[in-house]
Structure formats: C-alpha cells, structure tokens
file work-v4.cif (mmCIF, C-alpha atoms)
data_protein
#
loop_
_atom_site.group_PDB
_atom_site.id
_atom_site.type_symbol
_atom_site.label_atom_id
_atom_site.label_comp_id
_atom_site.auth_asym_id
_atom_site.auth_seq_id
_atom_site.Cartn_x
_atom_site.Cartn_y
_atom_site.Cartn_z
ATOM 1 C CA MET Z 1 -24.843 44.018 5.899
ATOM 2 C CA SER Z 2 -27.006 47.044 5.378
ATOM 3 C CA ALA Z 3 -24.590 48.468 2.898
ATOM 4 C CA ALA Z 4 -24.815 45.380 0.792
ATOM 5 C CA ALA Z 5 -28.548 45.089 1.036
ATOM 6 C CA GLN Z 6 -29.393 48.590 -0.100
ATOM 7 C CA ARG Z 7 -27.000 48.799 -2.937
ATOM 8 C CA THR Z 8 -27.571 47.695 -6.408
ATOM 9 C CA LEU Z 9 -24.730 46.252 -8.345
ATOM 10 C CA VAL Z 10 -25.489 48.376 -11.344
ATOM 11 C CA LYS Z 11 -25.458 51.880 -10.000
ATOM 12 C CA PRO Z 12 -22.764 53.307 -7.804
ATOM 13 C CA PRO Z 13 -23.911 54.345 -4.345
ATOM 14 C CA ALA Z 14 -25.948 57.512 -4.332
ATOM 15 C CA ALA Z 15 -23.749 59.834 -2.372
ATOM 16 C CA ARG Z 16 -20.453 58.809 -3.699
ATOM 17 C CA ASP Z 17 -18.033 61.234 -2.198
ATOM 18 C CA SER Z 18 -14.568 60.176 -1.478
ATOM 19 C CA ALA Z 19 -15.163 61.609 1.974
ATOM 20 C CA ASP Z 20 -18.097 59.284 2.505
ATOM 21 C CA PHE Z 21 -16.529 56.242 1.030
ATOM 22 C CA PRO Z 22 -12.813 56.406 1.372
ATOM 23 C CA ALA Z 23 -11.008 53.482 -0.142
ATOM 24 C CA SER Z 24 -9.898 50.723 2.137
ATOM 25 C CA HIS Z 25 -6.538 49.138 1.695
ATOM 26 C CA LEU Z 26 -5.552 45.739 2.821
ATOM 27 C CA GLY Z 27 -1.792 45.834 2.615
ATOM 28 C CA SER Z 28 0.473 43.120 1.337
ATOM 29 C CA SER Z 29 1.304 41.843 4.774
ATOM 30 C CA LEU Z 30 -2.282 41.544 5.836
ATOM 31 C CA LYS Z 31 -4.078 38.291 6.208
ATOM 32 C CA PHE Z 32 -7.788 38.258 6.669
ATOM 33 C CA GLU Z 33 -10.350 35.557 7.133
ATOM 34 C CA GLY Z 34 -14.018 36.295 7.307
ATOM 35 C CA VAL Z 35 -16.641 38.530 5.841
ATOM 36 C CA LEU Z 36 -15.800 41.925 4.501
ATOM 37 C CA ASP Z 37 -18.528 44.431 3.861
ATOM 38 C CA CYS Z 38 -17.818 47.780 2.344
ATOM 39 C CA ALA Z 39 -19.868 50.489 0.707
ATOM 40 C CA GLY Z 40 -16.853 51.942 -1.003
ATOM 41 C CA GLU Z 41 -13.721 50.791 -2.651
ATOM 42 C CA VAL Z 42 -11.511 48.018 -1.363
ATOM 43 C CA HIS Z 43 -7.966 47.392 -2.473
ATOM 44 C CA VAL Z 44 -6.586 44.026 -1.592
ATOM 45 C CA HIS Z 45 -2.871 43.463 -1.792
ATOM 46 C CA GLY Z 46 -2.760 40.869 0.898
ATOM 47 C CA ASN Z 47 -4.457 37.611 1.537
ATOM 48 C CA VAL Z 48 -8.201 37.412 1.995
ATOM 49 C CA GLN Z 49 -10.231 34.300 2.541
ATOM 50 C CA GLY Z 50 -13.952 34.613 2.715
ATOM 51 C CA ARG Z 51 -16.702 36.803 1.443
ATOM 52 C CA ILE Z 52 -16.251 40.276 0.072
ATOM 53 C CA ASN Z 53 -19.164 42.634 -0.479
ATOM 54 C CA ALA Z 54 -18.077 45.943 -1.865
ATOM 55 C CA ASP Z 55 -18.926 48.591 -4.359
ATOM 56 C CA CYS Z 56 -15.592 48.317 -6.052
ATOM 57 C CA LEU Z 57 -12.961 45.694 -5.444
ATOM 58 C CA VAL Z 58 -9.404 45.856 -6.682
ATOM 59 C CA VAL Z 59 -7.177 42.873 -6.174
ATOM 60 C CA GLY Z 60 -3.688 44.163 -6.668
ATOM 61 C CA ARG Z 61 -0.827 42.233 -8.098
ATOM 62 C CA GLY Z 62 0.304 39.981 -5.313
ATOM 63 C CA GLY Z 63 -3.116 40.008 -3.751
ATOM 64 C CA ILE Z 64 -4.758 36.693 -3.126
ATOM 65 C CA VAL Z 65 -8.482 36.336 -2.694
ATOM 66 C CA GLU Z 66 -10.344 33.138 -2.084
ATOM 67 C CA GLY Z 67 -14.082 33.103 -1.839
ATOM 68 C CA ASP Z 68 -17.103 34.854 -3.208
ATOM 69 C CA VAL Z 69 -17.053 38.441 -4.278
ATOM 70 C CA VAL Z 70 -20.119 40.568 -4.829
ATOM 71 C CA ALA Z 71 -19.398 43.992 -6.203
ATOM 72 C CA ARG Z 72 -20.351 46.468 -8.846
ATOM 73 C CA GLU Z 73 -16.888 46.690 -10.236
ATOM 74 C CA VAL Z 74 -14.107 44.193 -9.855
ATOM 75 C CA ARG Z 75 -10.588 44.506 -11.077
ATOM 76 C CA ILE Z 76 -8.258 41.609 -10.597
ATOM 77 C CA GLY Z 77 -4.527 41.845 -10.964
ATOM 78 C CA GLY Z 78 -3.656 39.122 -8.546
ATOM 79 C CA ARG Z 79 -4.757 35.656 -7.699
ATOM 80 C CA PHE Z 80 -8.365 34.845 -7.308
ATOM 81 C CA ASN Z 81 -10.120 31.630 -6.517
ATOM 82 C CA GLY Z 82 -13.858 31.549 -6.222
ATOM 83 C CA ARG Z 83 -16.848 33.285 -7.668
ATOM 84 C CA VAL Z 84 -17.239 36.842 -8.784
ATOM 85 C CA PHE Z 85 -20.620 38.491 -9.157
ATOM 86 C CA ALA Z 86 -19.971 41.853 -10.666
ATOM 87 C CA PHE Z 87 -21.474 44.112 -13.240
ATOM 88 C CA ASN Z 88 -18.167 45.193 -14.585
ATOM 89 C CA VAL Z 89 -15.098 42.979 -14.429
ATOM 90 C CA ILE Z 90 -11.574 43.759 -15.512
ATOM 91 C CA LEU Z 91 -8.871 41.145 -15.496
ATOM 92 C CA ASP Z 92 -5.394 42.512 -15.779
ATOM 93 C CA ARG Z 93 -2.527 40.744 -17.392
ATOM 94 C CA THR Z 94 -1.217 39.582 -14.059
ATOM 95 C CA ALA Z 95 -4.535 38.054 -13.085
ATOM 96 C CA ASP Z 96 -4.690 34.414 -12.183
ATOM 97 C CA VAL Z 97 -8.294 33.463 -11.833
ATOM 98 C CA THR Z 98 -9.889 30.157 -11.000
ATOM 99 C CA GLY Z 99 -13.624 29.899 -10.742
ATOM 100 C CA ARG Z 100 -16.606 31.642 -12.189
ATOM 101 C CA ILE Z 101 -17.038 35.218 -13.134
ATOM 102 C CA PHE Z 102 -20.625 36.345 -13.444
ATOM 103 C CA HIS Z 103 -20.508 39.592 -15.309
ATOM 104 C CA HIS Z 104 -22.266 41.962 -17.587
ATOM 105 C CA PHE Z 105 -19.196 43.667 -18.938
ATOM 106 C CA VAL Z 106 -15.846 42.027 -18.907
ATOM 107 C CA THR Z 107 -12.415 43.079 -20.023
ATOM 108 C CA VAL Z 108 -9.550 40.656 -20.127
ATOM 109 C CA GLU Z 109 -6.087 41.808 -20.830
ATOM 110 C CA LYS Z 110 -3.735 39.664 -22.784
ATOM 111 C CA GLY Z 111 -1.703 37.611 -20.382
ATOM 112 C CA ALA Z 112 -4.405 36.971 -17.854
ATOM 113 C CA ARG Z 113 -4.773 33.389 -16.806
ATOM 114 C CA ILE Z 114 -8.307 32.201 -16.437
ATOM 115 C CA ASP Z 115 -9.417 28.775 -15.432
ATOM 116 C CA GLY Z 116 -13.148 28.576 -15.304
ATOM 117 C CA ARG Z 117 -16.247 30.004 -16.785
ATOM 118 C CA MET Z 118 -17.333 33.539 -17.344
ATOM 119 C CA PRO Z 119 -21.101 33.479 -17.586
ATOM 120 C CA TRP Z 120 -22.724 36.635 -18.867
ATOM 121 C CA ARG Z 121 -25.774 37.871 -17.011
ATOM 122 C CA PRO Z 122 -28.299 40.524 -18.019
ATOM 123 C CA VAL Z 123 -28.606 43.810 -16.188
ATOM 124 C CA ASN Z 124 -31.604 42.735 -14.128
ATOM 125 C CA PHE Z 125 -29.604 39.866 -12.681
ATOM 126 C CA PHE Z 126 -27.366 42.409 -11.026
ATOM 127 C CA GLU Z 127 -30.161 44.825 -10.220
ATOM 128 C CA SER Z 128 -31.936 42.241 -8.154
ATOM 129 C CA PHE Z 129 -28.859 40.515 -6.926
ATOM 130 C CA ASP Z 130 -28.928 39.767 -3.256
ATOM 131 C CA GLN Z 131 -26.634 37.039 -2.089
ATOM 132 C CA PRO Z 132 -24.647 34.553 -4.064
ATOM 133 C CA PRO Z 133 -26.404 31.224 -4.237
ATOM 134 C CA GLU Z 134 -24.942 28.374 -2.287
ATOM 135 C CA THR Z 135 -25.021 26.108 -5.251
ATOM 136 C CA GLN Z 136 -23.843 26.989 -8.679
ATOM 137 C CA PRO Z 137 -26.578 28.798 -10.598
ATOM 138 C CA MET Y 1 2.267 52.692 -19.389
ATOM 139 C CA THR Y 2 -0.606 54.794 -18.489
ATOM 140 C CA MET Y 3 -2.962 52.531 -20.257
ATOM 141 C CA PHE Y 4 -3.963 50.770 -17.106
ATOM 142 C CA THR Y 5 -3.757 53.472 -14.589
ATOM 143 C CA ARG Y 6 -6.940 53.580 -12.722
ATOM 144 C CA ASN Y 7 -8.719 56.658 -13.889
ATOM 145 C CA ASP Y 8 -12.185 55.382 -14.267
ATOM 146 C CA LYS Y 9 -14.366 57.189 -11.838
ATOM 147 C CA PRO Y 10 -17.602 55.458 -11.066
ATOM 148 C CA THR Y 11 -19.390 58.775 -11.086
ATOM 149 C CA GLU Y 12 -18.657 59.162 -14.742
ATOM 150 C CA SER Y 13 -19.960 55.784 -15.556
ATOM 151 C CA ASN Y 14 -23.042 56.204 -13.444
ATOM 152 C CA ALA Y 15 -25.348 57.255 -16.173
ATOM 153 C CA THR Y 16 -23.842 55.078 -18.792
ATOM 154 C CA PHE Y 17 -24.168 51.954 -16.742
ATOM 155 C CA LEU Y 18 -27.866 52.396 -16.789
ATOM 156 C CA ALA Y 19 -27.947 52.597 -20.489
ATOM 157 C CA SER Y 20 -28.649 49.639 -22.635
ATOM 158 C CA GLN Y 21 -26.088 47.577 -24.403
ATOM 159 C CA SER Y 22 -26.310 49.688 -27.485
ATOM 160 C CA VAL Y 23 -24.062 52.166 -25.806
ATOM 161 C CA ARG Y 24 -21.674 49.565 -24.647
ATOM 162 C CA ASP Y 25 -18.804 51.374 -26.258
ATOM 163 C CA LYS Y 26 -19.609 54.390 -24.242
ATOM 164 C CA VAL Y 27 -19.771 52.413 -21.086
ATOM 165 C CA GLU Y 28 -16.437 50.928 -21.718
ATOM 166 C CA ALA Y 29 -14.946 54.277 -22.520
ATOM 167 C CA PRO Y 30 -13.866 55.283 -19.037
ATOM 168 C CA VAL Y 31 -12.489 51.847 -18.451
ATOM 169 C CA PRO Y 32 -9.143 51.440 -20.071
ATOM 170 C CA THR Y 33 -9.524 48.343 -22.151
ATOM 171 C CA PRO Y 34 -6.683 46.547 -23.788
ATOM 172 C CA THR Y 35 -6.951 48.201 -27.127
ATOM 173 C CA LEU Y 36 -5.220 47.051 -30.223
ATOM 174 C CA VAL Y 37 -2.468 49.567 -29.713
ATOM 175 C CA PRO Y 38 -0.131 47.387 -27.674
ATOM 176 C CA GLU Y 39 -0.727 44.363 -29.866
ATOM 177 C CA PRO Y 40 2.128 44.879 -32.309
ATOM 178 C CA LEU Y 41 4.490 45.374 -29.418
ATOM 179 C CA GLU Y 42 3.643 42.134 -27.764
ATOM 180 C CA PRO Y 43 5.503 39.621 -29.917
ATOM 181 C CA LYS Y 44 8.698 41.605 -29.832
ATOM 182 C CA ARG Y 45 9.278 41.250 -26.151
ATOM 183 C CA PRO Y 46 9.401 38.086 -24.127
ATOM 184 C CA MET Y 47 6.450 37.295 -21.932
ATOM 185 C CA ALA Y 48 8.499 37.822 -18.825
ATOM 186 C CA ALA Y 49 9.057 41.417 -19.789
ATOM 187 C CA ALA Y 50 5.391 42.036 -19.556
ATOM 188 C CA TYR Y 51 5.331 41.392 -15.859
ATOM 189 C CA PRO Y 52 7.632 44.031 -14.423
ATOM 190 C CA MET Y 53 5.396 46.588 -16.024
ATOM 191 C CA GLN Y 54 3.997 49.136 -13.660
ATOM 192 C CA SER Y 55 1.043 47.652 -11.987
ATOM 193 C CA VAL Y 56 -2.283 48.941 -12.728
ATOM 194 C CA VAL Y 57 -3.432 48.500 -9.524
ATOM 195 C CA SER Y 58 -1.649 51.134 -7.540
ATOM 196 C CA ALA Y 59 1.544 50.386 -5.759
ATOM 197 C CA ALA Y 60 0.787 48.184 -2.830
ATOM 198 C CA PRO Y 61 0.692 50.203 0.324
ATOM 199 C CA ARG Y 62 2.326 48.404 3.182
ATOM 200 C CA ALA Y 63 -0.092 49.598 5.767
ATOM 201 C CA SER Y 64 -3.716 48.618 5.751
ATOM 202 C CA VAL Y 65 -6.665 50.918 6.097
ATOM 203 C CA ILE Y 66 -10.119 49.780 7.051
ATOM 204 C CA SER Y 67 -12.189 52.723 5.982
ATOM 205 C CA LYS Y 68 -15.302 53.911 7.713
ATOM 206 C CA ALA Y 69 -17.506 52.474 5.005
ATOM 207 C CA MET Y 70 -16.229 49.034 5.790
ATOM 208 C CA LYS Y 71 -17.454 46.424 8.161
ATOM 209 C CA ILE Y 72 -15.552 43.246 8.584
ATOM 210 C CA THR Y 73 -16.164 40.082 10.476
ATOM 211 C CA GLY Y 74 -13.228 37.837 11.072
ATOM 212 C CA GLN Y 75 -9.598 37.735 11.909
ATOM 213 C CA LEU Y 76 -7.214 40.423 10.775
ATOM 214 C CA GLU Y 77 -3.547 39.668 10.846
ATOM 215 C CA SER Y 78 -0.725 41.795 9.604
ATOM 216 C CA THR Y 79 2.970 42.265 10.143
ATOM 217 C CA GLU Y 80 2.603 45.953 9.355
ATOM 218 C CA ASP Y 81 0.339 48.729 10.489
ATOM 219 C CA ILE Y 82 -3.418 48.698 10.477
ATOM 220 C CA GLN Y 83 -5.574 51.771 10.661
ATOM 221 C CA ILE Y 84 -9.169 51.023 11.526
ATOM 222 C CA ASP Y 85 -11.870 53.577 10.854
ATOM 223 C CA GLY Y 86 -14.676 51.153 10.271
ATOM 224 C CA GLU Y 87 -16.138 48.307 12.184
ATOM 225 C CA VAL Y 88 -14.270 45.159 13.011
ATOM 226 C CA ASP Y 89 -15.862 42.156 14.590
ATOM 227 C CA GLY Y 90 -12.990 39.883 15.433
ATOM 228 C CA ASP Y 91 -9.418 39.891 16.549
ATOM 229 C CA VAL Y 92 -6.838 42.251 15.185
ATOM 230 C CA ARG Y 93 -3.163 41.443 15.225
ATOM 231 C CA ALA Y 94 -0.626 43.819 13.796
ATOM 232 C CA LEU Y 95 2.580 45.648 14.473
ATOM 233 C CA SER Y 96 0.789 48.872 15.098
ATOM 234 C CA VAL Y 97 -2.940 49.268 15.366
ATOM 235 C CA LYS Y 98 -4.750 52.570 15.279
ATOM 236 C CA VAL Y 99 -8.407 52.628 16.060
ATOM 237 C CA GLY Y 100 -9.872 55.820 14.671
ATOM 238 C CA SER Y 101 -12.337 57.996 16.492
ATOM 239 C CA ASN Y 102 -15.454 56.529 14.904
ATOM 240 C CA ALA Y 103 -14.170 53.018 14.677
ATOM 241 C CA LYS Y 104 -15.496 50.051 16.548
ATOM 242 C CA VAL Y 105 -13.565 46.943 17.350
ATOM 243 C CA LYS Y 106 -15.242 44.005 18.960
ATOM 244 C CA GLY Y 107 -12.527 41.583 19.817
ATOM 245 C CA ALA Y 108 -8.989 41.485 21.047
ATOM 246 C CA VAL Y 109 -6.330 43.797 19.733
ATOM 247 C CA TYR Y 110 -2.732 42.673 19.782
ATOM 248 C CA GLY Y 111 0.184 44.768 18.684
ATOM 249 C CA ASP Y 112 3.405 46.467 19.563
ATOM 250 C CA GLU Y 113 1.693 49.804 19.564
ATOM 251 C CA VAL Y 114 -1.992 50.322 19.937
ATOM 252 C CA GLU Y 115 -3.636 53.692 19.714
ATOM 253 C CA VAL Y 116 -7.311 53.935 20.478
ATOM 254 C CA ALA Y 117 -9.528 56.880 19.683
ATOM 255 C CA GLY Y 118 -12.655 54.878 19.083
ATOM 256 C CA THR Y 119 -14.426 52.005 20.715
ATOM 257 C CA VAL Y 120 -12.786 48.751 21.637
ATOM 258 C CA ASP Y 121 -14.808 45.992 23.149
ATOM 259 C CA GLY Y 122 -12.332 43.346 24.121
ATOM 260 C CA LYS Y 123 -8.861 43.227 25.427
ATOM 261 C CA ILE Y 124 -5.780 45.029 24.300
ATOM 262 C CA GLU Y 125 -2.388 43.483 24.585
ATOM 263 C CA ALA Y 126 0.461 45.683 23.498
ATOM 264 C CA LYS Y 127 3.792 47.135 24.473
ATOM 265 C CA LYS Y 128 2.607 50.676 24.058
ATOM 266 C CA VAL Y 129 -0.971 51.630 24.561
ATOM 267 C CA LEU Y 130 -2.413 55.063 23.998
ATOM 268 C CA LEU Y 131 -5.989 55.889 24.814
ATOM 269 C CA THR Y 132 -6.937 59.287 23.507
ATOM 270 C CA SER Y 133 -9.715 61.426 24.908
ATOM 271 C CA THR Y 134 -12.358 59.968 22.629
ATOM 272 C CA ALA Y 135 -11.453 56.390 23.411
ATOM 273 C CA ARG Y 136 -13.999 54.034 24.824
ATOM 274 C CA MET Y 137 -12.496 50.855 26.026
ATOM 275 C CA SER Y 138 -14.257 47.935 27.669
ATOM 276 C CA GLY Y 139 -11.898 45.171 28.524
ATOM 277 C CA ASP Y 140 -8.543 44.542 30.026
ATOM 278 C CA ILE Y 141 -5.334 46.131 28.902
ATOM 279 C CA VAL Y 142 -2.047 44.334 29.177
ATOM 280 C CA HIS Y 143 0.721 46.781 28.494
ATOM 281 C CA GLN Y 144 4.258 47.833 29.145
ATOM 282 C CA GLU Y 145 3.667 51.487 28.599
ATOM 283 C CA ILE Y 146 0.344 53.163 28.756
ATOM 284 C CA ALA Y 147 -0.885 56.674 28.213
ATOM 285 C CA ILE Y 148 -4.450 57.680 28.907
ATOM 286 C CA HIS Y 149 -5.678 61.074 27.918
ATOM 287 C CA SER Y 150 -8.315 62.723 30.004
ATOM 288 C CA GLY Y 151 -11.757 61.901 28.735
ATOM 289 C CA ALA Y 152 -10.971 58.336 27.852
ATOM 290 C CA PHE Y 153 -13.396 55.771 29.123
ATOM 291 C CA ILE Y 154 -12.070 52.499 30.444
ATOM 292 C CA ASP Y 155 -13.946 49.622 31.873
ATOM 293 C CA GLY Y 156 -11.461 46.953 32.717
ATOM 294 C CA HIS Y 157 -8.126 46.285 34.279
ATOM 295 C CA CYS Y 158 -4.877 47.794 33.227
ATOM 296 C CA LYS Y 159 -2.124 45.375 33.894
ATOM 297 C CA PRO Y 160 1.543 45.935 33.234
ATOM 298 C CA ASP Y 161 3.415 43.021 31.821
ATOM 299 C CA TYR Y 162 7.129 43.528 31.705
ATOM 300 C CA GLY Y 163 7.942 39.948 31.000
ATOM 301 C CA LYS Y 164 7.250 40.261 27.332
ATOM 302 C CA ALA Y 165 9.904 42.792 26.474
ATOM 303 C CA ASP Y 166 11.835 40.469 24.238
ATOM 304 C CA THR Y 167 8.951 38.661 22.659
ATOM 305 C CA LYS Y 168 7.063 39.490 19.574
ATOM 306 C CA ASN Y 169 3.722 40.776 20.507
ATOM 307 C CA VAL Y 170 2.121 39.696 17.317
ATOM 308 C CA ILE Y 171 2.036 36.310 18.914
ATOM 309 C CA PRO Y 172 -1.201 36.069 20.856
ATOM 310 C CA VAL Y 173 -1.705 35.352 24.476
ATOM 311 C CA ARG Y 174 1.202 34.512 26.701
ATOM 312 C CA LYS Y 175 0.803 33.140 30.121
ATOM 313 C CA PRO Y 176 2.068 35.646 32.671
ATOM 314 C CA ALA Y 177 3.504 32.771 34.662
ATOM 315 C CA ALA Y 178 5.731 31.794 31.804
ATOM 316 C CA ALA Y 179 7.157 35.261 31.689
ATOM 317 C CA GLU Y 180 8.511 35.210 35.188
#
call {"tool": "encode", "arguments": {"input": "work-v4.cif", "output": "structure tokens"}}
result
Amino acid sequence: MSAAAQRTLVKPPAARDSADFPASHLGSSLKFEGVLDCAGEVHVHGNVQGRINADCLVVGRGGIVEGDVVAREVRIGGRFNGRVFAFNVILDRTADVTGRIFHHFVTVEKGARIDGRMPWRPVNFFESFDQPPETQP
Amino acid sequence: MTMFTRNDKPTESNATFLASQSVRDKVEAPVPTPTLVPEPLEPKRPMAAAYPMQSVVSAAPRASVISKAMKITGQLESTEDIQIDGEVDGDVRALSVKVGSNAKVKGAVYGDEVEVAGTVDGKIEAKKVLLTSTARMSGDIVHQEIAIHSGAFIDGHCKPDYGKADTKNVIPVRKPAAAE
C-alpha cells in the first residue's frame, strides 16, 4: 500500500531505475484474483480480477482485466472491464474496453472498441488522487 | 510496424508531464500516437488484417514474474511458471514456482517444482522442492523429492507423499488417505 500512497499519478517515481522497479509480467496462463500493488511496471497478459495499483500498467493483447486500475500510465491492448484512473491512457486497436476511463491524456487507436465514458480530469485530480471512490464520481 | 512499439520511457516524459497543457504536443511526443500516416492504408485492407499485426504490447511471455516492486494480495494461479521476487499474500498455484531471495510468500504454494530462496510462510506441496541456503520456510512441506541446502531455515514438517505421482499437482490439497 505504501507504494501507492506515496506516489503521485502525474510524476513517475523518483528513483526510477529498471533495477529498482523491474517490470512484472503476468503471463497468459496466469489467473489472479485480488489486489495488486506495484511501484513499477506491470504487464498483464493473463486474467486479473480485482484492483491494480501500479505506476504503469500494460494490458497485452489477450489480457483480461476486470476491476479498478489506478496508475500513472495505462496502455490497453486487451479486454478491460471496470474503471481506469490514469494520467495517460493509450488504447490500442485491439482494446476492448467497458467502463470508465478517467484520464488527462488519452490516445485511442483506430479499431479500439470502447463502451463507456472517458471523463477528462485536470492535473490536480491525479496529483491528489488517493483511492478510487466507491461510487461513481 | 514499429509505430506501436513501446519506446516511451517515463523518464523522458517526466518533465513534460508536469508542464501545462500548452505543451501537450510535447507530452504526447514520446508516446506513439496513431498519426495520420496509416490512415490511407486502412481502407485498403480488411479489418481482420489489422489484427494479426505485431502487438504493441510485447509478445506475451509465458512465464510470470512478480517483481520486487510488487505486492499482491490474492490468489495466483497459472499453468506455467511463476517467479516471485515481490510479496505475495495468498496462495500460489503453478507448474513451477520460484521464490526469489528477497521474496515473501504468505500462503500455500502448490506446484510441480518449487524452489525457495526467500521466505515462505505457509505450506508447500510439490513434487520437487528445493530450499536454497537463503530460504526461510515456516510451514509443512509435502514433497516427493526434496533438497535442502545448508543454511536453509525450516520450521515445520517435511512429509513425503508418493501417492501423488500420477496426479497433477496444480490441483490443491489431496487427502493422503485417498492416495493409498
């Protein structure tokens, strides 16, 4: 939890060495349920249900994520169902997104499927962001 | 297409992210956006052709890595390998599980092969178990083959279970009685 609490969603973590924050991979055969907390990069190619707190989240093609995501950068190339709270969001052409994407910057590639809303939020929303609200803001 | 290869390094965008929207172009620069370049190409090929394109998002590695910056709470299940260097609070089930030297696992570990160099607080159930010298294990071990390097700490029972030779270990607990 500490990693999530100290970090701001606008700036990358202070000491951002690949040695300090090696990327985590959740392979295609992996199934995970629960809370995932990471100060670095997470690549999801498998199936994740639950919360993800990370600096950078990449949902690979074939990856399935259900739940809330809080991150500085999010890139989705797979299936996503839930809410994203991220400063910078990229949806690839293979993305299949249902839910809400709270963003400051967003990029959507042609071909992405989006069902839901993509509310823009100012920088200070992400600077002071703590935990996603239980109800829809 | 290299357009979507992941080359945006957060360090580059560090300063720019702080900047106001007026430099939005700059901020977007390291992030490969779908520019107008591919547009003319799009209508010429069927939609389906767009999909086999090289994924952006790096080729999916089969094995999973829980890095040291990561802390997870919940169940992990995989039919491939899992390397844990971070903290896991929950059960882990995989073909082969490696618990790195600074890793912590609080929960049961099931697998065909389990290698522990870190801390495991819970039981291990595997065909092959290896505890290296930095291992710290509190809990029972059910195994068919075990290797313990000198220096390993174990608090618990080691119990051989030969009845499970033909079963898949990814399946959780089996009653020893049923094996006989």
call {"tool": "atom_distance", "arguments": {"input": "work-v4.cif", "atom1": "CA of Asp85 in chain Y", "atom2": "CA of Gly60 in chain Z"}}
result
21.5 Å
call {"tool": "resolve_selection", "arguments": {"input": "work-v4.cif", "expression": "the PyMOL selection byres ((chain Y and resi 93) around 10)", "output": "PyMOL selection string"}}
result
(chain Z and resi 30-31) or (chain Y and resi 75-82+90-92+94-97+108-112+125-126+169-172)
call {"tool": "interface_residues", "arguments": {"input": "work-v4.cif", "of": "chain Y", "to": "chain Z", "cutoff": "6 Å", "atoms": "all atoms listed in the file", "output": "VMD selection string"}}
result
chain Y and resid 34 57 61 to 67 69 to 79
call {"tool": "atom_distance", "arguments": {"input": "work-v4.cif", "atom1": "CA of Lys98 in chain Y", "atom2": "CA of Gly86 in chain Y"}}
result
11.2 Å
call {"tool": "closest_residue", "arguments": {"input": "work-v4.cif", "among": "Y:Cys158, Y:Ile84, Y:Ala147, Y:Val99", "to": "Lys123 in chain Y", "atoms": "only C-alpha atoms"}}
result
Y:Cys158
call {"tool": "resolve_selection", "arguments": {"input": "work-v4.cif", "expression": "the PyMOL selection byres ((chain Y and resi 148) around 8)", "output": "list in words"}}
result
Leu130, Leu131, Thr132, Ser133, Ile146, Ala147, His149, Ser150 and Ala152 of chain Y
call {"tool": "atom_distance", "arguments": {"input": "work-v4.cif", "atom1": "CA of Gly82 in chain Z", "atom2": "CA of Gln83 in chain Y"}}
result
27.6 Å
call {"tool": "axis_aligned_box", "arguments": {"input": "work-v4.cif", "around": "range 140-157 of chain Y", "padding_each_side": "5 Å", "output": "lines of an AutoDock Vina configuration file"}}
result
center_x = -4.8
center_y = 53.5
center_z = 31.1
size_x = 28.2
size_y = 28.4
size_z = 16.4
call {"tool": "closest_residue", "arguments": {"input": "work-v4.cif", "among": "Z:Pro133, Z:Ser128, Z:Met118, Z:Arg113", "to": "Val89 in chain Z", "atoms": "all atoms listed in the file"}}
result
Z:Met118
call {"tool": "residues_near_point", "arguments": {"input": "work-v4.cif", "point": "(-28.0, 41.0, -6.6)", "cutoff": "12 Å", "atoms": "all atoms listed in the file", "output": "PyMOL selection string"}}
result
chain Z and resi 4-11+53+69-72+84-87+102-103+121-133
call {"tool": "write_last_selection", "arguments": {"input": "work-v4.cif", "atoms": "C-alpha atoms", "output": "PDB file, in the coordinates of the input"}}
result
ATOM      1  CA  ALA Z   4     -24.815  45.380   0.792  1.00  0.00           C
ATOM      2  CA  ALA Z   5     -28.548  45.089   1.036  1.00  0.00           C
ATOM      3  CA  GLN Z   6     -29.393  48.590  -0.100  1.00  0.00           C
ATOM      4  CA  ARG Z   7     -27.000  48.799  -2.937  1.00  0.00           C
ATOM      5  CA  THR Z   8     -27.571  47.695  -6.408  1.00  0.00           C
ATOM      6  CA  LEU Z   9     -24.730  46.252  -8.345  1.00  0.00           C
ATOM      7  CA  VAL Z  10     -25.489  48.376 -11.344  1.00  0.00           C
ATOM      8  CA  LYS Z  11     -25.458  51.880 -10.000  1.00  0.00           C
ATOM      9  CA  ASN Z  53     -19.164  42.634  -0.479  1.00  0.00           C
ATOM     10  CA  VAL Z  69     -17.053  38.441  -4.278  1.00  0.00           C
ATOM     11  CA  VAL Z  70     -20.119  40.568  -4.829  1.00  0.00           C
ATOM     12  CA  ALA Z  71     -19.398  43.992  -6.203  1.00  0.00           C
ATOM     13  CA  ARG Z  72     -20.351  46.468  -8.846  1.00  0.00           C
ATOM     14  CA  VAL Z  84     -17.239  36.842  -8.784  1.00  0.00           C
ATOM     15  CA  PHE Z  85     -20.620  38.491  -9.157  1.00  0.00           C
ATOM     16  CA  ALA Z  86     -19.971  41.853 -10.666  1.00  0.00           C
ATOM     17  CA  PHE Z  87     -21.474  44.112 -13.240  1.00  0.00           C
ATOM     18  CA  PHE Z 102     -20.625  36.345 -13.444  1.00  0.00           C
ATOM     19  CA  HIS Z 103     -20.508  39.592 -15.309  1.00  0.00           C
ATOM     20  CA  ARG Z 121     -25.774  37.871 -17.011  1.00  0.00           C
ATOM     21  CA  PRO Z 122     -28.299  40.524 -18.019  1.00  0.00           C
ATOM     22  CA  VAL Z 123     -28.606  43.810 -16.188  1.00  0.00           C
ATOM     23  CA  ASN Z 124     -31.604  42.735 -14.128  1.00  0.00           C
ATOM     24  CA  PHE Z 125     -29.604  39.866 -12.681  1.00  0.00           C
ATOM     25  CA  PHE Z 126     -27.366  42.409 -11.026  1.00  0.00           C
ATOM     26  CA  GLU Z 127     -30.161  44.825 -10.220  1.00  0.00           C
ATOM     27  CA  SER Z 128     -31.936  42.241  -8.154  1.00  0.00           C
ATOM     28  CA  PHE Z 129     -28.859  40.515  -6.926  1.00  0.00           C
ATOM     29  CA  ASP Z 130     -28.928  39.767  -3.256  1.00  0.00           C
ATOM     30  CA  GLN Z 131     -26.634  37.039  -2.089  1.00  0.00           C
ATOM     31  CA  PRO Z 132     -24.647  34.553  -4.064  1.00  0.00           C
ATOM     32  CA  PRO Z 133     -26.404  31.224  -4.237  1.00  0.00           C
TER      33      PRO Z 133
END
call {"tool": "decode", "arguments": {"input": "work-v4.cif", "residues": "range 47-64 of chain Z", "atoms": "C-alpha atoms", "output": "short mmCIF file (atom, residue, chain, number, x, y, z; two decimals), in the first residue's frame"}}
result
data_model
loop_
_atom_site.label_atom_id
_atom_site.label_comp_id
_atom_site.auth_asym_id
_atom_site.auth_seq_id
_atom_site.Cartn_x
_atom_site.Cartn_y
_atom_site.Cartn_z
CA ASN Z 47 -6.56 -12.81 -16.38
CA VAL Z 48 -6.77 -10.41 -13.48
CA GLN Z 49 -9.79 -9.69 -11.38
CA GLY Z 50 -9.54 -7.04 -8.75
CA ARG Z 51 -7.66 -3.90 -8.02
CA ILE Z 52 -4.44 -2.86 -9.69
CA ASN Z 53 -2.28 -0.06 -8.35
CA ALA Z 54 0.79 0.50 -10.44
CA ASP Z 55 2.97 3.13 -11.94
CA CYS Z 56 2.50 1.79 -15.41
CA LEU Z 57 0.07 -0.88 -16.49
CA VAL Z 58 0.11 -2.63 -19.83
CA VAL Z 59 -2.69 -4.99 -20.67
CA GLY Z 60 -1.42 -7.04 -23.53
CA ARG Z 61 -3.49 -8.42 -26.32
CA GLY Z 62 -5.23 -11.41 -24.84
CA GLY Z 63 -5.03 -9.95 -21.38
CA ILE Z 64 -8.23 -9.59 -19.46
#
